[in-house]
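Asks: Just input-v2.txt, nothing more (compact mmCIF, C-alpha atoms and all ligand atoms):
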# COMPACT_ATOMS: atom_id res chain seq x y z
CA MET A 605 33.06 2.79 -19.14
CA ARG A 606 30.29 0.50 -20.28
CA ARG A 607 27.55 -0.03 -17.73
CA GLU A 608 26.88 -3.58 -16.54
CA THR A 609 23.32 -3.37 -17.81
CA ASP A 610 24.57 -2.30 -21.24
CA ARG A 611 26.78 -5.39 -21.36
CA ILE A 612 23.94 -7.77 -20.53
CA PHE A 613 21.03 -6.20 -22.35
CA GLY A 614 22.69 -3.98 -24.93
CA GLN A 615 22.60 -0.19 -25.00
CA ASP A 616 18.86 -0.12 -25.53
CA HIS A 617 17.97 -1.82 -22.26
CA PRO A 618 15.41 0.59 -20.80
CA SER A 619 16.55 0.54 -17.17
CA ILE A 620 15.97 3.52 -14.91
CA SER A 621 19.24 5.23 -15.58
CA LEU A 622 21.67 6.48 -13.02
CA HIS A 623 23.65 8.33 -15.67
CA LEU A 624 22.15 11.65 -14.76
CA LEU A 625 22.74 11.17 -11.07
CA ARG A 626 26.26 9.95 -11.57
CA GLU A 627 27.67 12.11 -14.27
CA LYS A 628 27.70 15.61 -12.89
CA GLY A 629 28.41 16.99 -16.37
CA ASN A 630 24.86 16.05 -17.30
CA ALA A 631 23.36 18.44 -14.77
CA SER A 632 20.95 20.78 -16.52
CA ALA A 633 19.56 24.09 -15.38
CA LEU A 634 16.44 22.22 -14.27
CA ILE A 635 18.43 20.78 -11.38
CA ASP A 636 19.23 24.26 -10.11
CA ASP A 637 15.62 25.29 -10.48
CA ASN A 638 13.88 22.25 -9.04
CA LYS A 639 14.30 21.47 -5.34
CA LEU A 640 13.25 17.82 -5.67
CA PHE A 641 15.60 17.18 -8.62
CA ARG A 642 18.38 18.80 -6.57
CA GLN A 643 17.77 16.44 -3.63
CA TRP A 644 18.00 13.36 -5.85
CA PHE A 645 21.01 14.64 -7.70
CA ALA A 646 22.72 15.10 -4.35
CA ARG A 647 22.13 11.42 -3.61
CA ALA A 648 24.40 10.33 -6.46
CA ASP A 649 27.26 9.38 -4.18
CA PHE A 650 25.07 7.20 -2.02
CA PHE A 651 24.05 5.05 -4.99
CA LYS A 652 27.40 5.21 -6.82
CA HIS A 653 28.12 1.47 -6.59
CA LEU A 654 24.87 0.53 -8.29
CA ASP A 655 23.94 0.14 -11.94
CA GLU A 656 20.28 0.87 -11.38
CA LEU A 657 18.31 2.70 -8.75
CA PRO A 658 17.03 0.10 -6.27
CA LEU A 659 13.77 2.05 -6.20
CA GLY A 660 13.20 1.57 -9.92
CA LEU A 661 14.50 -1.88 -10.80
CA SER A 662 12.88 -3.67 -13.67
CA LEU A 663 11.91 -7.05 -12.25
CA GLU A 664 10.12 -9.42 -14.60
CA PRO A 665 7.13 -11.37 -13.34
CA THR A 666 7.02 -15.11 -14.06
CA ASP A 667 4.28 -17.72 -14.10
CA ASP A 668 4.76 -18.16 -10.34
CA PRO A 669 3.68 -15.20 -8.16
CA THR A 670 6.57 -15.81 -5.73
CA LEU A 671 9.31 -15.65 -8.39
CA LEU A 672 10.76 -12.83 -10.46
CA THR A 673 13.60 -12.67 -12.92
CA TYR A 674 16.29 -10.02 -12.79
CA ARG A 675 19.09 -10.10 -15.37
CA ASN A 676 18.19 -13.66 -16.30
CA LYS A 677 18.43 -14.78 -12.68
CA THR A 678 15.46 -16.11 -10.70
CA ILE A 679 14.72 -14.08 -7.58
CA LEU A 680 12.40 -14.93 -4.68
CA ASN A 681 9.92 -12.11 -4.29
CA PHE A 682 9.52 -10.98 -0.69
CA GLY A 683 8.96 -7.35 -1.63
CA THR A 684 5.37 -8.12 -2.47
CA ASN A 685 1.86 -6.95 -1.62
CA ASN A 686 0.40 -9.96 -3.45
CA TYR A 687 -0.63 -11.36 -0.09
CA LEU A 688 -2.97 -14.05 -1.43
CA GLY A 689 -1.26 -14.75 -4.76
CA SER A 690 -4.37 -13.48 -6.56
CA THR A 691 -2.46 -12.20 -9.61
CA HIS A 692 -2.00 -15.78 -10.79
CA LEU A 693 -5.15 -17.58 -9.62
CA PRO A 694 -6.62 -19.47 -12.62
CA GLU A 695 -10.20 -18.25 -12.08
CA VAL A 696 -9.03 -14.62 -11.81
CA ARG A 697 -6.95 -14.80 -14.99
CA GLN A 698 -9.79 -16.49 -16.85
CA ALA A 699 -12.32 -13.86 -15.77
CA ALA A 700 -10.02 -11.08 -17.02
CA LYS A 701 -9.63 -12.85 -20.38
CA ASP A 702 -13.39 -13.44 -20.66
CA ALA A 703 -14.04 -9.74 -19.99
CA ILE A 704 -11.63 -8.78 -22.78
CA ASP A 705 -13.33 -11.17 -25.20
CA LYS A 706 -16.77 -9.83 -24.33
CA PHE A 707 -16.14 -6.12 -23.80
CA GLY A 708 -12.69 -5.22 -25.17
CA VAL A 709 -9.71 -3.81 -23.33
CA GLY A 710 -10.67 -0.26 -22.33
CA SER A 711 -13.46 1.98 -21.08
CA THR A 712 -12.18 5.12 -22.90
CA ALA A 713 -14.50 7.42 -20.94
CA SER A 714 -14.98 8.67 -17.42
CA ARG A 715 -17.70 7.16 -15.24
CA LEU A 716 -19.93 10.23 -15.60
CA ALA A 717 -19.43 10.60 -19.36
CA GLY A 718 -20.47 7.25 -20.74
CA GLY A 719 -17.76 5.11 -19.11
CA THR A 720 -20.01 3.30 -16.62
CA GLN A 721 -20.53 -0.35 -17.56
CA GLN A 722 -22.41 -3.20 -15.85
CA LEU A 723 -19.06 -4.48 -14.51
CA HIS A 724 -18.44 -1.24 -12.56
CA LEU A 725 -21.89 -1.45 -11.03
CA LYS A 726 -21.41 -5.14 -10.21
CA VAL A 727 -18.10 -4.53 -8.41
CA GLU A 728 -19.61 -1.61 -6.46
CA ALA A 729 -22.69 -3.66 -5.50
CA GLU A 730 -20.52 -6.61 -4.45
CA MET A 731 -18.31 -4.43 -2.24
CA SER A 732 -21.36 -2.88 -0.55
CA ARG A 733 -22.81 -6.37 -0.02
CA ILE A 734 -19.56 -7.78 1.40
CA PHE A 735 -19.17 -4.87 3.84
CA LYS A 736 -22.94 -4.58 4.48
CA ARG A 737 -22.76 -0.88 3.66
CA ALA A 738 -25.00 1.63 1.89
CA GLY A 739 -22.62 2.43 -0.94
CA THR A 740 -19.28 2.02 -2.65
CA ILE A 741 -17.41 4.22 -5.11
CA LEU A 742 -14.72 2.67 -7.28
CA PHE A 743 -11.58 4.62 -8.11
CA ASN A 744 -8.71 3.91 -10.47
CA THR A 745 -6.26 3.42 -7.60
CA GLY A 746 -6.24 3.29 -3.81
CA TYR A 747 -4.30 6.54 -3.89
CA LEU A 748 -7.19 8.26 -5.66
CA ALA A 749 -9.73 6.77 -3.24
CA ASN A 750 -8.06 8.51 -0.27
CA PHE A 751 -7.18 11.64 -2.20
CA VAL A 752 -10.70 12.20 -3.54
CA MET A 753 -12.51 11.38 -0.29
CA LEU A 754 -10.38 13.81 1.68
CA THR A 755 -10.45 16.65 -0.81
CA VAL A 756 -14.24 16.47 -0.84
CA LEU A 757 -14.89 15.78 2.86
CA GLY A 758 -12.31 18.27 4.12
CA GLN A 759 -14.41 21.37 3.66
CA SER A 760 -13.66 24.70 5.30
CA GLY A 761 -14.42 24.53 9.03
CA TYR A 762 -13.38 20.85 9.27
CA CYS A 763 -10.38 19.52 11.18
CA VAL A 764 -8.59 16.40 9.91
CA PHE A 765 -6.50 14.34 12.37
CA ILE A 766 -4.01 11.97 10.75
CA ASP A 767 -1.80 9.27 12.24
CA GLU A 768 1.79 10.17 11.30
CA GLU A 769 2.24 6.82 9.51
CA CYS A 770 -0.81 7.18 7.28
CA HIS A 771 -0.33 6.78 3.56
CA ALA A 772 0.82 9.73 1.44
CA SER A 773 -2.56 9.79 -0.37
CA ILE A 774 -4.32 10.72 2.87
CA TYR A 775 -1.86 13.52 3.51
CA GLU A 776 -2.07 14.84 -0.01
CA GLY A 777 -5.87 14.71 -0.04
CA SER A 778 -6.13 16.60 3.22
CA GLN A 779 -3.46 19.12 2.18
CA ARG A 780 -5.40 19.88 -0.99
CA SER A 781 -8.63 20.28 0.99
CA GLU A 782 -9.87 23.36 2.82
CA ALA A 783 -9.70 21.65 6.23
CA LYS A 784 -7.12 22.23 8.94
CA GLN A 785 -4.75 19.30 9.30
CA TYR A 786 -3.27 17.88 12.51
CA ARG A 787 -0.87 14.96 12.77
CA PHE A 788 -0.65 12.68 15.81
CA ARG A 789 2.12 10.26 16.80
CA HIS A 790 1.71 6.75 15.49
CA ASN A 791 -1.04 4.85 17.33
CA ASN A 792 -0.89 7.40 20.17
CA VAL A 793 -4.53 7.52 21.27
CA ASP A 794 -3.77 9.84 24.20
CA GLN A 795 -2.26 12.41 21.90
CA LEU A 796 -5.19 12.14 19.51
CA LYS A 797 -7.55 12.66 22.46
CA ALA A 798 -5.64 15.74 23.61
CA LEU A 799 -5.68 17.14 20.06
CA LEU A 800 -9.41 16.52 19.65
CA ILE A 801 -10.07 18.38 22.91
CA LYS A 802 -7.73 21.27 22.14
CA ARG A 803 -8.03 21.66 18.38
CA GLY A 804 -11.23 19.82 17.42
CA ALA A 805 -13.97 21.80 15.64
CA PRO A 806 -16.50 22.83 18.31
CA ASP A 807 -19.42 21.75 16.13
CA GLY A 808 -17.97 18.24 15.69
CA ARG A 809 -16.78 18.68 12.11
CA ASN A 810 -13.80 16.41 12.67
CA ILE A 811 -12.33 13.62 10.55
CA VAL A 812 -9.93 11.05 12.01
CA CYS A 813 -7.83 9.11 9.48
CA VAL A 814 -5.90 5.95 10.21
CA ASP A 815 -4.64 2.95 8.26
CA GLY A 816 -5.89 -0.46 9.43
CA LEU A 817 -2.53 -2.15 8.89
CA TYR A 818 0.36 0.26 8.46
CA SER A 819 2.35 -0.44 5.32
CA MET A 820 5.68 0.79 6.65
CA SER A 821 5.69 -0.58 10.20
CA GLY A 822 3.40 -3.58 9.90
CA SER A 823 1.51 -2.42 13.00
CA VAL A 824 -2.27 -2.29 13.46
CA ALA A 825 -4.44 0.69 14.50
CA PRO A 826 -6.13 0.44 17.94
CA LEU A 827 -9.52 1.11 16.34
CA ASN A 828 -11.67 0.35 19.42
CA ASP A 829 -9.75 2.83 21.55
CA ILE A 830 -9.89 5.43 18.79
CA ALA A 831 -13.65 4.97 18.30
CA LYS A 832 -14.18 5.50 22.05
CA LEU A 833 -12.82 9.04 21.69
CA ARG A 834 -16.19 9.99 20.24
CA ASP A 835 -17.15 10.50 23.89
CA VAL A 836 -14.68 13.40 23.85
CA ALA A 837 -15.52 14.91 20.45
CA PRO A 838 -17.63 13.65 17.56
CA PHE A 839 -15.77 12.69 14.37
CA LEU A 840 -16.06 10.82 11.10
CA LEU A 841 -13.67 7.85 11.15
CA LEU A 842 -11.91 6.93 7.89
CA VAL A 843 -9.87 3.71 7.90
CA ASP A 844 -7.59 2.81 4.98
CA GLU A 845 -7.60 -1.00 4.85
CA ALA A 846 -5.27 -1.20 1.81
CA HIS A 847 -3.00 -3.85 3.36
CA SER A 848 -5.57 -5.55 5.58
CA PHE A 849 -8.45 -6.10 3.12
CA GLY A 850 -8.20 -9.82 2.34
CA THR A 851 -5.53 -10.53 4.93
CA LEU A 852 -7.04 -9.89 8.38
CA GLY A 853 -10.40 -10.36 10.10
CA ALA A 854 -12.84 -13.24 10.50
CA ASN A 855 -14.34 -12.38 7.09
CA GLY A 856 -11.11 -11.11 5.57
CA LEU A 857 -12.40 -7.52 5.54
CA GLY A 858 -9.52 -5.96 7.43
CA VAL A 859 -8.53 -4.67 10.84
CA ALA A 860 -11.99 -3.29 11.74
CA ASP A 861 -13.37 -6.78 11.02
CA MET A 862 -10.56 -8.36 13.08
CA LEU A 863 -11.22 -6.04 16.06
CA ASP A 864 -14.99 -6.47 15.64
CA CYS A 865 -15.64 -2.74 15.30
CA LEU A 866 -16.72 -2.32 11.67
CA HIS A 867 -19.88 -0.60 12.91
CA THR A 868 -17.78 2.27 14.32
CA VAL A 869 -16.09 3.08 10.97
CA ASP A 870 -17.79 5.60 8.66
CA VAL A 871 -15.61 5.27 5.57
CA ILE A 872 -13.40 2.33 4.59
CA THR A 873 -10.94 2.92 1.79
CA GLY A 874 -8.60 0.44 0.14
CA THR A 875 -7.09 -0.92 -3.01
CA PHE A 876 -7.41 -3.86 -5.39
CA SER A 877 -3.65 -3.75 -6.01
CA LYS A 878 -2.65 -5.92 -3.06
CA SER A 879 -4.73 -8.92 -1.91
CA ILE A 880 -6.98 -8.65 -4.95
CA GLY A 881 -3.95 -8.81 -7.26
CA SER A 882 -5.11 -6.20 -9.76
CA ILE A 883 -5.53 -2.42 -9.68
CA GLY A 884 -8.25 -0.04 -8.52
CA GLY A 885 -9.39 1.63 -5.33
CA PHE A 886 -12.57 1.80 -3.31
CA SER A 887 -14.41 3.80 -0.72
CA VAL A 888 -17.18 1.96 1.13
CA PHE A 889 -19.47 4.07 3.31
CA LYS A 890 -22.40 4.01 5.72
CA ASP A 891 -24.02 7.27 4.70
CA PRO A 892 -25.57 7.09 1.20
CA THR A 893 -25.12 10.87 0.88
CA LEU A 894 -21.48 10.14 0.09
CA GLU A 895 -22.59 9.00 -3.39
CA LEU A 896 -22.43 12.75 -4.14
CA VAL A 897 -18.63 12.59 -3.93
CA ARG A 898 -18.82 11.38 -7.55
CA PHE A 899 -20.06 14.82 -8.63
CA ALA A 900 -17.80 16.87 -6.38
CA ALA A 901 -14.28 15.82 -7.31
CA PRO A 902 -12.57 16.72 -10.62
CA SER A 903 -10.10 13.86 -10.03
CA TYR A 904 -13.06 11.45 -10.18
CA MET A 905 -15.15 13.19 -12.81
CA TYR A 906 -12.50 13.81 -15.44
CA THR A 907 -10.57 10.56 -15.57
CA ALA A 908 -11.34 7.39 -17.54
CA ALA A 909 -13.08 4.53 -15.74
CA LEU A 910 -11.38 1.20 -14.96
CA PRO A 911 -11.26 -1.16 -17.99
CA PRO A 912 -13.22 -4.44 -18.38
CA PRO A 913 -10.36 -6.97 -17.82
CA THR A 914 -9.49 -5.26 -14.53
CA LEU A 915 -13.10 -5.33 -13.38
CA GLY A 916 -13.64 -8.93 -14.51
CA GLY A 917 -10.53 -10.01 -12.61
CA VAL A 918 -11.51 -8.01 -9.52
CA LEU A 919 -15.00 -9.53 -9.43
CA ALA A 920 -13.58 -13.04 -9.65
CA ALA A 921 -10.97 -12.26 -6.98
CA LEU A 922 -13.59 -10.81 -4.61
CA ASP A 923 -15.42 -14.11 -4.84
CA ARG A 924 -12.37 -16.38 -4.59
CA VAL A 925 -10.15 -14.56 -2.07
CA ILE A 926 -12.63 -12.60 0.05
CA VAL A 927 -15.92 -14.53 0.07
CA ARG A 928 -14.34 -18.00 -0.26
CA GLY A 929 -10.79 -17.13 0.81
CA ASP A 930 -10.50 -18.72 4.26
CA ASP A 931 -8.10 -21.38 2.95
CA LEU A 932 -5.79 -18.73 1.48
CA ARG A 933 -5.89 -16.68 4.69
CA ALA A 934 -5.04 -19.82 6.70
CA ALA A 935 -2.04 -20.46 4.41
CA LEU A 936 -0.98 -16.81 4.72
CA HIS A 937 -1.22 -16.82 8.51
CA GLY A 938 0.77 -20.06 8.69
CA ASN A 939 3.57 -18.36 6.75
CA CYS A 940 3.35 -15.18 8.83
CA LYS A 941 3.55 -17.16 12.08
CA ARG A 942 6.98 -18.52 11.16
CA LEU A 943 8.44 -15.12 10.32
CA SER A 944 6.73 -13.58 13.30
CA GLU A 945 8.48 -16.00 15.67
CA LEU A 946 11.81 -14.87 14.27
CA LEU A 947 11.21 -11.11 14.03
CA ASN A 948 8.64 -10.29 16.71
CA GLY A 949 10.64 -12.43 19.15
CA SER A 950 13.57 -10.03 18.91
CA ILE A 951 11.83 -6.66 19.32
CA GLU A 952 9.75 -4.66 21.81
CA PRO A 953 6.00 -5.45 21.75
CA GLU A 954 5.29 -1.89 20.58
CA TYR A 955 6.92 -2.78 17.25
CA ALA A 956 4.96 -6.04 16.80
CA MET A 957 3.84 -6.96 13.28
CA PRO A 958 0.63 -9.03 13.41
CA GLY A 959 -0.11 -9.07 9.67
CA PRO A 960 1.75 -9.95 6.47
CA VAL A 961 4.06 -6.88 6.54
CA PHE A 962 7.42 -7.42 8.29
CA LEU A 963 10.42 -5.19 8.84
CA LEU A 964 14.00 -5.28 9.80
CA ARG A 965 15.14 -1.86 11.00
CA LEU A 966 18.82 -1.09 10.55
CA ARG A 967 20.98 1.59 12.06
CA THR A 968 22.22 3.40 8.97
CA ALA A 969 21.06 3.90 5.40
CA ALA A 970 24.42 2.52 4.21
CA ASP A 971 23.85 -0.71 6.19
CA ALA A 972 20.34 -1.00 4.79
CA LEU A 973 21.57 -0.54 1.22
CA GLU A 974 24.39 -3.04 1.72
CA ALA A 975 22.07 -5.62 3.31
CA TRP A 976 19.54 -5.10 0.52
CA ARG A 977 22.24 -5.65 -2.12
CA TYR A 978 23.42 -8.76 -0.32
CA ALA A 979 19.84 -10.10 -0.31
CA MET A 980 19.60 -9.43 -4.06
CA GLU A 981 22.86 -11.28 -4.68
CA GLN A 982 21.51 -14.20 -2.68
CA GLY A 983 18.37 -14.22 -4.84
CA PHE A 984 15.85 -12.35 -2.64
CA TYR A 985 14.00 -9.19 -3.55
CA LEU A 986 13.08 -7.16 -0.44
CA ASN A 987 11.84 -3.56 -0.28
CA LEU A 988 14.54 -1.08 0.64
CA VAL A 989 12.93 1.76 2.61
CA LEU A 990 15.05 4.81 3.32
CA PRO A 991 14.29 8.15 4.99
CA PRO A 992 12.16 10.15 4.39
CA ALA A 993 9.88 7.25 3.38
CA SER A 994 10.61 5.19 6.50
CA PRO A 995 8.81 5.88 9.79
CA ARG A 996 10.87 7.86 12.32
CA GLY A 997 13.61 8.12 9.69
CA ILE A 998 14.89 4.61 10.50
CA PRO A 999 16.23 2.82 7.40
CA MET A 1000 14.76 -0.62 6.91
CA LEU A 1001 14.15 -3.70 4.84
CA ARG A 1002 10.48 -4.45 4.33
CA MET A 1003 9.07 -7.89 3.59
CA GLY A 1004 5.61 -8.88 2.39
CA VAL A 1005 4.48 -12.46 2.96
CA SER A 1006 2.06 -14.26 0.64
CA ALA A 1007 -0.16 -17.32 0.90
CA ALA A 1008 1.60 -18.39 -2.30
CA HIS A 1009 5.02 -18.66 -0.60
CA SER A 1010 5.97 -22.24 0.28
CA SER A 1011 7.17 -23.09 3.77
CA GLY A 1012 10.58 -23.82 2.21
CA GLN A 1013 10.75 -20.30 0.80
CA ILE A 1014 9.85 -18.85 4.21
CA GLU A 1015 12.65 -20.90 5.81
CA GLN A 1016 15.10 -19.56 3.19
CA LEU A 1017 14.05 -16.01 4.07
CA CYS A 1018 14.47 -16.73 7.79
CA ASP A 1019 18.04 -17.95 7.13
CA LEU A 1020 18.82 -14.80 5.18
CA LEU A 1021 17.38 -12.55 7.89
CA ARG A 1022 19.28 -14.35 10.64
CA PHE A 1023 22.48 -13.67 8.71
CA ILE A 1024 21.61 -9.99 8.22
CA MET A 1025 20.66 -9.61 11.89
CA ARG A 1026 24.02 -11.06 12.95
CA ARG A 1027 25.98 -8.83 10.60
CA TYR A 1028 24.26 -5.46 11.05
CA PRO A 1029 23.21 -3.72 14.29
CA ALA A 1030 19.46 -3.31 14.75
CA GLY A 1031 18.02 0.16 14.30
CA TYR A 1032 15.32 0.06 16.99
N1 LIG B 1 -3.02 3.14 1.12
C1 LIG B 1 -1.96 2.45 1.56
C2 LIG B 1 -1.83 2.22 3.03
C3 LIG B 1 -0.99 1.97 0.68
O1 LIG B 1 0.08 1.33 1.13
C4 LIG B 1 -1.16 2.21 -0.71
C5 LIG B 1 -0.19 1.71 -1.74
N2 LIG B 1 1.02 1.34 -1.38
C6 LIG B 1 -2.27 2.94 -1.12
C7 LIG B 1 -3.19 3.38 -0.20
C8 LIG B 1 -2.45 3.27 -2.57
O2 LIG B 1 -2.91 2.18 -3.27
P1 LIG B 1 -2.71 2.09 -4.85
O3 LIG B 1 -1.38 1.48 -5.09
O4 LIG B 1 -3.85 1.26 -5.31
O5 LIG B 1 -2.78 3.49 -5.36
Transcribe the structure of this file into structure tokens.
Replies:
Amino acid sequence: MRRETDRIFGQDHPSISLHLLREKGNASALIDDNKLFRQWFARADFFKHLDELPLGLSLEPTDDPTLLTYRNKTILNFGTNNYLGSTHLPEVRQAAKDAIDKFGVGSTASRLAGGTQQLHLKVEAEMSRIFKRAGTILFNTGYLANFVMLTVLGQSGYCVFIDEECHASIYEGSQRSEAKQYRFRHNNVDQLKALLIKRGAPDGRNIVCVDGLYSMSGSVAPLNDIAKLRDVAPFLLLVDEAHSFGTLGANGLGVADMLDCLHTVDVITGTFSKSIGSIGGFSVFKDPTLELVRFAAPSYMYTAALPPPTLGGVLAALDRVIVRGDDLRAALHGNCKRLSELLNGSIEPEYAMPGPVFLLRLRTAADALEAWRYAMEQGFYLNLVLPPASPRGIPMLRMGVSAAHSSGQIEQLCDLLRFIMRRYPAGY
């Protein structure tokens, strides 16, 4: 039987194929040998009604950051991390084009082997200036920023304490390090305290890792309470502000800025792939010794540096959306307030979502998939988050709000969510 995508796009349409998952005859020996392939192969039945994996759809961007096209149909994008609409800001686009015209499209070398250009140094200096910190290291992604910092800092004799909802890059970095790793329940300061007392390194070689704004629950870390635990045991505090940089805080620097406790944070990591609208990661730190991380991590030393158009765009975005971005943050918060009234009003305060990340938790994965498909049919792209990626294994729909969304678009989303909430039982 011809696939729907084949009919619309022809056989050559490069969608992420479900053929392998669906047609058991295609199973190769690799599936028997590889545990992860086996798990996905076993999911075939769950996705059998779909033409494409929802986790790998090809959605085309348009000239409007809130709109996508999918199979020639316009879709409203609420599965976004483009919180300030930076991808499409005229000054950001122009700066990327100017950088191409002046310096070409690629760096073609690692930072330590001839790949460092003035633009890298300018972005690093600007980040240190904005955060009033001793130093900044740029990375190719936010993932690498966390991964590299933890593999280098987590030396033998160290203990790393990680909130259970921290990003995978923090887990992977600490797992690949020589440190011992302990996980504490999400935002549970009492449990972290107990762990620090019981398991903390006696000489204070402890690292506590949290996200500022959690990407999968939309909640915020109680940074002041966490910082106070230094009375119990000393530790280095690393905060991943990937989703909060640009969106929260009086200066748009994130949750530590919002809670007025930036001075208590030793290392701030984050990404340029969300509010900054581009790609790249950063680690901003108090202690200038951390510059040495550059020479200690193969995953920094042996990979090509970010290219000029990315850096040109990032520099322009730092100026427009961080330094001069209060208007965009006001627009974003106006949009968030509307959705917050609808969603936060119907859940326990412990699940509150104070930033631009919103969730609807549903009872079963089948309900979540059906609701997600319904949203797609109605012209809305939302993120479908299924176990094991969803916190506490609760299936959910995730929404990201942007300053670029109009109030009319937010109202349309509210109507859709009201319908879904009436039709499917909540998963809280
Ligand atoms: N930290 C958090 C909390 C994230 O959500 C993400 C990306 N989703 C990252 C780090 C990684 O950022 P990047 O996409 O730039 O690798």
Asks: Could I get the residue neighbourhood of ligand LIG 1 (chain B) at 8 Å, counting all atoms listed in the file, as an mmCIF file with C-alpha atoms, keeping the file's coordinate frame?
Replies:
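The resulting file, selection-v4.cif, is reproduced below:
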data_model
loop_
_atom_site.group_PDB
_atom_site.id
_atom_site.type_symbol
_atom_site.label_atom_id
_atom_site.label_comp_id
_atom_site.auth_asym_id
_atom_site.auth_seq_id
_atom_site.Cartn_x
_atom_site.Cartn_y
_atom_site.Cartn_z
ATOM 1 C CA ASN A 744 -8.710 3.910 -10.470
ATOM 2 C CA THR A 745 -6.260 3.420 -7.600
ATOM 3 C CA GLY A 746 -6.240 3.290 -3.810
ATOM 4 C CA TYR A 747 -4.300 6.540 -3.890
ATOM 5 C CA LEU A 748 -7.190 8.260 -5.660
ATOM 6 C CA ALA A 749 -9.730 6.770 -3.240
ATOM 7 C CA ASN A 750 -8.060 8.510 -0.270
ATOM 8 C CA CYS A 770 -0.810 7.180 7.280
ATOM 9 C CA HIS A 771 -0.330 6.780 3.560
ATOM 10 C CA ALA A 772 0.820 9.730 1.440
ATOM 11 C CA SER A 773 -2.560 9.790 -0.370
ATOM 12 C CA ILE A 774 -4.320 10.720 2.870
ATOM 13 C CA ASP A 815 -4.640 2.950 8.260
ATOM 14 C CA LEU A 817 -2.530 -2.150 8.890
ATOM 15 C CA TYR A 818 0.360 0.260 8.460
ATOM 16 C CA SER A 819 2.350 -0.440 5.320
ATOM 17 C CA MET A 820 5.680 0.790 6.650
ATOM 18 C CA ASP A 844 -7.590 2.810 4.980
ATOM 19 C CA GLU A 845 -7.600 -1.000 4.850
ATOM 20 C CA ALA A 846 -5.270 -1.200 1.810
ATOM 21 C CA HIS A 847 -3.000 -3.850 3.360
ATOM 22 C CA THR A 873 -10.940 2.920 1.790
ATOM 23 C CA GLY A 874 -8.600 0.440 0.140
ATOM 24 C CA THR A 875 -7.090 -0.920 -3.010
ATOM 25 C CA PHE A 876 -7.410 -3.860 -5.390
ATOM 26 C CA SER A 877 -3.650 -3.750 -6.010
ATOM 27 C CA LYS A 878 -2.650 -5.920 -3.060
ATOM 28 C CA ILE A 883 -5.530 -2.420 -9.680
ATOM 29 C CA GLY A 884 -8.250 -0.040 -8.520
ATOM 30 C CA GLY A 885 -9.390 1.630 -5.330
#
Asks: Have a look at A:Pro694, A:Gly997, A:Pro838, A:Pro826 and name the one nearest to Asp807 in chain A; count only C-alpha atoms.
Replies: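 Closest residue, counting only C-alpha atoms: A:Pro838.
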Asks: Using only C-alpha atoms, can you tell me which of A:Tyr955, A:Tyr786, A:Phe645, A:Phe743 comes closest to Arg715 in chain A?
Replies: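 Under the stated criterion, the closest residue is A:Phe743.
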Asks: Quote the spacing between CA of Leu988 in chain A and CA of Leu943 in chain A in Å to one decimal place.
Replies: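 CA of Leu943 in chain A lies 18.1 Å from CA of Leu988 in chain A.
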Asks: Pick out the closest residue to Pro669 in chain A from this set: A:Gln643, A:Gly758, A:Ser1010, A:His867. Count only C-alpha atoms.
Replies: A:Ser1010
Asks: Here is a test: counting only C-alpha atoms, which residue of A:Phe899, A:Phe650, A:Tyr687, A:Tyr906 is nearest to Ile880 in chain A?
Replies: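 Ranked by minimum distance to Ile880 in chain A, first place goes to A:Tyr687.
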Asks: When you look at Trp976 in chain A with a cut-off of 10 Å (counting all atoms listed in the file), what residues show up, excluding the ones that are within fewer than 2 positions of it in the same chain? I need them as a compact mmCIF listing (two decimals) with C-alpha atoms, in the coordinates of the input.
Replies:
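Written output follows (out_24.txt):
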# COMPACT_ATOMS: atom_id res chain seq x y z
CA PRO A 658 17.03 0.10 -6.27
CA ALA A 970 24.42 2.52 4.21
CA ASP A 971 23.85 -0.71 6.19
CA ALA A 972 20.34 -1.00 4.79
CA LEU A 973 21.57 -0.54 1.22
CA GLU A 974 24.39 -3.04 1.72
CA TYR A 978 23.42 -8.76 -0.32
CA ALA A 979 19.84 -10.10 -0.31
CA MET A 980 19.60 -9.43 -4.06
CA GLU A 981 22.86 -11.28 -4.68
CA GLN A 982 21.51 -14.20 -2.68
CA PHE A 984 15.85 -12.35 -2.64
CA TYR A 985 14.00 -9.19 -3.55
CA LEU A 986 13.08 -7.16 -0.44
CA ASN A 987 11.84 -3.56 -0.28
CA LEU A 988 14.54 -1.08 0.64
CA VAL A 989 12.93 1.76 2.61
CA MET A 1000 14.76 -0.62 6.91
CA LEU A 1001 14.15 -3.70 4.84
CA ARG A 1002 10.48 -4.45 4.33
CA ILE A 1024 21.61 -9.99 8.22
Asks: Quick check, in Å to one decimal: how far apart do CA of Tyr904 in chain A and CA of Leu754 in chain A lie?
Replies: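 CA of Tyr904 in chain A sits 12.4 Å away from CA of Leu754 in chain A.
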Asks: Which distance in Å separates CA of Thr851 in chain A and CA of Asn828 in chain A, to one decimal?
Replies: 19.1 Å
Asks: So which residues touch Leu799 in chain A within 8 Å, counting all atoms listed in the file, skipping near sequence neighbours fewer than 4 positions away, as JSON, numbers by chain?
Replies: {"A": [786, 788, 795, 803, 804]}
